[in-house]
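**Student:** Quick one: the structure is below, and I'll ask about it shortly.
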Amino acid sequence: MATTSNPETLQKIVAALGVFATSTDKQQIASANEWLQDFQHTIEAWEVSSTLLMAADSPPPLKMFAAQTLKSKVVYDLNQLPSEQLPLLRDTLVSALQQFSSGPRNTLVQISLALSSLAMQMPDWAPTAVQNLIETLGTTPDYVAGLLQFLAVLPDDVSTNTRIPVSVSLKDTFLDRQRLKSNSIGR
């Protein structure tokens, strides 16, 4: 299985996720859930989740947890990363979008939401994010499903995600560009 900087953390994640699949003990489930939620707020969760998501040998439940964690981290904890690391995070999420374009869909949706939320918080990338992803993903048939999922979640995320501090003008810019891109794709 994927190696991280802390194999003990990986073992704890696997064990906690295993509780949901095997236990009926409410206290044990609550304890596992609490540990996973606490982990998701750590700085270590960025690296561990990125590694787990992209590792070929991670089982699907672990990949889904990693995608959910990254989405949550982008929404709530992006301030934990220095701004210089944001382009690397973006590139990791774009690679994940490519990797998961054919599914599973629930993981693809989480990655798309993470990328959408990141785009809204990267002022240098925000104005060109949609065009950039269309150019990057739209020319490869295997990646079109991932691009379409991103384009499907973006307007709703921009319009309704109140947890991300985005100016009204940036939201309007995203929505206007999205409408233009959607119109040009549909022709």
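Labels for the structure tokens follow display order: chains A, B, ..., residues from 1 in each chain, ligands from 1.
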When you look at Leu154 of chain A with a cut-off of 9 Å (counting only C-alpha atoms), what residues show up, excluding the ones that are within fewer than 2 positions of it in the same chain? I need them as number ranges by chain.
**Tutor:** A: 112-113, 115-117, 149-152, 156-159, 174-175, 178
**Student:** Residues as selected, C-alpha atoms, written as a PDB file, in the first residue's frame, can you do that?
**Tutor:**
```
ATOM      1  CA  SER A 112     -13.951  18.204  -8.725  1.00  0.00           C
ATOM      2  CA  LEU A 113     -15.306  20.028  -5.683  1.00  0.00           C
ATOM      3  CA  LEU A 115     -10.504  21.781  -7.538  1.00  0.00           C
ATOM      4  CA  SER A 116     -13.465  24.140  -7.856  1.00  0.00           C
ATOM      5  CA  SER A 117     -12.954  25.409  -4.309  1.00  0.00           C
ATOM      6  CA  GLN A 149     -17.733  16.802 -13.779  1.00  0.00           C
ATOM      7  CA  PHE A 150     -15.632  19.828 -12.826  1.00  0.00           C
ATOM      8  CA  LEU A 151     -17.729  22.072 -15.080  1.00  0.00           C
ATOM      9  CA  ALA A 152     -20.907  20.603 -13.564  1.00  0.00           C
ATOM     10  CA  ASP A 156     -23.129  25.502  -7.914  1.00  0.00           C
ATOM     11  CA  ASP A 157     -19.964  25.650  -5.814  1.00  0.00           C
ATOM     12  CA  VAL A 158     -19.349  29.273  -6.808  1.00  0.00           C
ATOM     13  CA  SER A 159     -22.991  30.258  -6.190  1.00  0.00           C
ATOM     14  CA  PHE A 174     -16.558  32.746 -12.626  1.00  0.00           C
ATOM     15  CA  LEU A 175     -20.236  32.530 -13.444  1.00  0.00           C
ATOM     16  CA  GLN A 178     -18.745  29.541 -17.114  1.00  0.00           C
TER      17      GLN A 178
END
```
**Student:** Just the number, please: distance in Å from atom CA of Leu89 of chain A to atom CA of Pro7 of chain A, one decimal.
**Tutor:**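 Between atom CA of Leu89 of chain A and atom CA of Pro7 of chain A the gap is 21.9 Å.
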**Student:** Please, which residues in segment 109-141 of chain A fall within 12 Å of segment 81-87 of chain A when counting only C-alpha atoms, and what is the closest atom pair and distance in Å to one decimal for each, ordered by chain then residue number, as CSV?
**Tutor:**
```
residue,atom,partner,partner_atom,distance
A:Leu115,CA,A:Leu86,CA,11.0
A:Ser117,CA,A:Leu86,CA,12.0
A:Leu118,CA,A:Leu86,CA,8.3
A:Ala119,CA,A:Leu86,CA,9.8
A:Met120,CA,A:Leu86,CA,11.9
A:Gln121,CA,A:Leu86,CA,9.4
A:Met122,CA,A:Leu86,CA,7.6
A:Pro123,CA,A:Ser83,CA,10.9
A:Asp124,CA,A:Pro87,CA,9.9
A:Trp125,CA,A:Pro87,CA,8.8
A:Ala126,CA,A:Pro87,CA,11.8
A:Ala129,CA,A:Pro87,CA,11.7
```
**Student:** May I have the residues from that selection written out with N, CA, C and O atoms, as a compact mmCIF listing (two decimals), in the first residue's frame?
**Tutor:**
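Contents of result25.txt, freshly written:
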```txt
# COMPACT_ATOMS: atom_id res chain seq x y z
N LEU A 115 -11.12 20.94 -6.51
CA LEU A 115 -10.50 21.78 -7.54
C LEU A 115 -11.30 23.06 -7.75
O LEU A 115 -10.73 24.14 -7.90
N SER A 117 -13.19 24.58 -5.49
CA SER A 117 -12.95 25.41 -4.31
C SER A 117 -11.56 26.03 -4.33
O SER A 117 -11.38 27.18 -3.92
N LEU A 118 -10.60 25.28 -4.82
CA LEU A 118 -9.24 25.82 -4.93
C LEU A 118 -9.19 26.94 -5.96
O LEU A 118 -8.58 27.99 -5.72
N ALA A 119 -9.84 26.74 -7.09
CA ALA A 119 -9.84 27.77 -8.14
C ALA A 119 -10.39 29.09 -7.60
O ALA A 119 -9.87 30.16 -7.91
N MET A 120 -11.42 29.01 -6.78
CA MET A 120 -12.01 30.23 -6.22
C MET A 120 -11.06 30.94 -5.26
O MET A 120 -11.22 32.13 -5.01
N GLN A 121 -10.09 30.23 -4.73
CA GLN A 121 -9.20 30.81 -3.73
C GLN A 121 -7.80 31.12 -4.28
O GLN A 121 -6.93 31.53 -3.52
N MET A 122 -7.61 30.90 -5.58
CA MET A 122 -6.33 31.22 -6.21
C MET A 122 -6.55 32.39 -7.18
O MET A 122 -6.83 32.18 -8.36
N PRO A 123 -6.40 33.61 -6.70
CA PRO A 123 -6.70 34.77 -7.55
C PRO A 123 -5.91 34.80 -8.86
O PRO A 123 -6.42 35.28 -9.87
N ASP A 124 -4.69 34.28 -8.86
CA ASP A 124 -3.90 34.28 -10.09
C ASP A 124 -4.43 33.27 -11.11
O ASP A 124 -4.25 33.45 -12.30
N TRP A 125 -5.04 32.20 -10.63
CA TRP A 125 -5.54 31.16 -11.53
C TRP A 125 -7.02 31.30 -11.83
O TRP A 125 -7.50 30.91 -12.90
N ALA A 126 -7.76 31.88 -10.91
CA ALA A 126 -9.22 31.95 -11.02
C ALA A 126 -9.73 32.45 -12.38
O ALA A 126 -10.61 31.82 -12.97
N ALA A 129 -8.98 29.58 -14.94
CA ALA A 129 -9.07 28.18 -14.51
C ALA A 129 -9.91 27.34 -15.47
O ALA A 129 -9.49 26.25 -15.88
```
**Student:** For Lys71 of chain A, work out the shell of residues within 12 Å, counting only C-alpha atoms and skipping chain neighbours fewer than 2 positions away, then give it as a ChimeraX atom specification.
**Tutor:** /A:40-41,45-46,49-50,53,64-69,73-78,89-90,93,107-118,157,164
**Student:** Write out, as a CSV table (one decimal), in the first residue's frame, the residues just selected, with N, CA and C atoms.
**Tutor:**
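Below you can see again_14.csv, which holds the result:
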```
chain,number,residue,atom,x,y,z
A,40,GLN,N,-8.3,14.9,9.9
A,40,GLN,CA,-8.5,15.7,8.7
A,40,GLN,C,-8.2,17.2,8.9
A,41,HIS,N,-8.0,17.6,10.2
A,41,HIS,CA,-7.7,19.0,10.5
A,41,HIS,C,-6.2,19.2,10.7
A,45,ALA,N,-2.4,15.9,7.1
A,45,ALA,CA,-3.5,15.4,6.3
A,45,ALA,C,-3.3,15.8,4.8
A,46,TRP,N,-2.6,16.9,4.5
A,46,TRP,CA,-2.4,17.3,3.1
A,46,TRP,C,-1.6,16.3,2.4
A,49,SER,N,-3.1,12.5,2.5
A,49,SER,CA,-4.2,12.4,1.6
A,49,SER,C,-3.8,12.4,0.1
A,50,SER,N,-2.9,13.3,-0.2
A,50,SER,CA,-2.4,13.4,-1.6
A,50,SER,C,-1.8,12.1,-2.0
A,53,LEU,N,-4.4,9.3,-2.3
A,53,LEU,CA,-5.3,9.4,-3.5
A,53,LEU,C,-4.6,9.0,-4.8
A,64,MET,N,-11.3,7.3,-1.5
A,64,MET,CA,-12.5,8.2,-1.3
A,64,MET,C,-12.3,9.0,-0.1
A,65,PHE,N,-11.8,8.5,1.0
A,65,PHE,CA,-11.5,9.2,2.2
A,65,PHE,C,-10.4,10.3,1.9
A,66,ALA,N,-9.4,10.0,1.1
A,66,ALA,CA,-8.4,11.0,0.8
A,66,ALA,C,-9.0,12.1,-0.1
A,67,ALA,N,-9.9,11.8,-1.0
A,67,ALA,CA,-10.5,12.8,-1.8
A,67,ALA,C,-11.4,13.7,-1.0
A,68,GLN,N,-12.2,13.1,-0.1
A,68,GLN,CA,-13.0,13.9,0.9
A,68,GLN,C,-12.2,14.8,1.8
A,69,THR,N,-11.1,14.2,2.2
A,69,THR,CA,-10.2,15.0,3.1
A,69,THR,C,-9.6,16.2,2.4
A,73,LYS,N,-10.1,20.0,3.3
A,73,LYS,CA,-8.9,20.8,3.6
A,73,LYS,C,-8.9,22.1,2.7
A,74,VAL,N,-9.2,22.0,1.4
A,74,VAL,CA,-9.2,23.1,0.5
A,74,VAL,C,-10.3,24.1,1.0
A,75,VAL,N,-11.4,23.6,1.4
A,75,VAL,CA,-12.5,24.5,1.9
A,75,VAL,C,-12.2,25.2,3.2
A,76,TYR,N,-11.7,24.4,4.2
A,76,TYR,CA,-11.6,24.9,5.6
A,76,TYR,C,-10.2,25.3,6.0
A,77,ASP,N,-9.2,24.6,5.4
A,77,ASP,CA,-7.8,24.7,6.0
A,77,ASP,C,-6.7,25.2,5.0
A,78,LEU,N,-7.2,25.8,3.9
A,78,LEU,CA,-6.2,26.2,2.9
A,78,LEU,C,-5.1,27.1,3.4
A,89,LEU,N,-0.6,22.0,-5.4
A,89,LEU,CA,-1.8,21.3,-5.0
A,89,LEU,C,-2.8,21.3,-6.2
A,90,ARG,N,-2.9,22.4,-6.9
A,90,ARG,CA,-3.7,22.5,-8.1
A,90,ARG,C,-3.3,21.4,-9.1
A,93,LEU,N,-4.4,18.0,-7.9
A,93,LEU,CA,-5.8,17.8,-8.1
A,93,LEU,C,-6.2,17.6,-9.6
A,107,THR,N,-15.7,9.6,-6.0
A,107,THR,CA,-14.4,10.1,-5.8
A,107,THR,C,-14.1,11.3,-6.7
A,108,LEU,N,-14.5,11.1,-8.0
A,108,LEU,CA,-14.4,12.2,-9.0
A,108,LEU,C,-15.1,13.4,-8.6
A,109,VAL,N,-16.3,13.3,-8.0
A,109,VAL,CA,-17.1,14.5,-7.5
A,109,VAL,C,-16.3,15.2,-6.4
A,110,GLN,N,-15.7,14.5,-5.5
A,110,GLN,CA,-15.0,15.1,-4.4
A,110,GLN,C,-13.7,15.8,-4.9
A,111,ILE,N,-13.1,15.2,-5.9
A,111,ILE,CA,-11.9,15.9,-6.5
A,111,ILE,C,-12.3,17.1,-7.3
A,112,SER,N,-13.4,17.0,-8.0
A,112,SER,CA,-14.0,18.2,-8.7
A,112,SER,C,-14.3,19.3,-7.8
A,113,LEU,N,-14.9,19.0,-6.7
A,113,LEU,CA,-15.3,20.0,-5.7
A,113,LEU,C,-14.1,20.7,-5.1
A,114,ALA,N,-13.0,19.8,-4.8
A,114,ALA,CA,-11.8,20.4,-4.2
A,114,ALA,C,-11.1,21.3,-5.2
A,115,LEU,N,-11.1,20.9,-6.5
A,115,LEU,CA,-10.5,21.8,-7.5
A,115,LEU,C,-11.3,23.1,-7.7
A,116,SER,N,-12.6,23.0,-7.7
A,116,SER,CA,-13.5,24.1,-7.9
A,116,SER,C,-13.2,25.1,-6.7
A,117,SER,N,-13.2,24.6,-5.5
A,117,SER,CA,-13.0,25.4,-4.3
A,117,SER,C,-11.6,26.0,-4.3
A,118,LEU,N,-10.6,25.3,-4.8
A,118,LEU,CA,-9.2,25.8,-4.9
A,118,LEU,C,-9.2,26.9,-6.0
A,157,ASP,N,-20.9,25.4,-6.9
A,157,ASP,CA,-20.0,25.7,-5.8
A,157,ASP,C,-19.7,27.2,-5.7
A,164,ILE,N,-16.3,29.5,1.7
A,164,ILE,CA,-15.1,30.0,1.0
A,164,ILE,C,-15.3,31.5,0.9
```
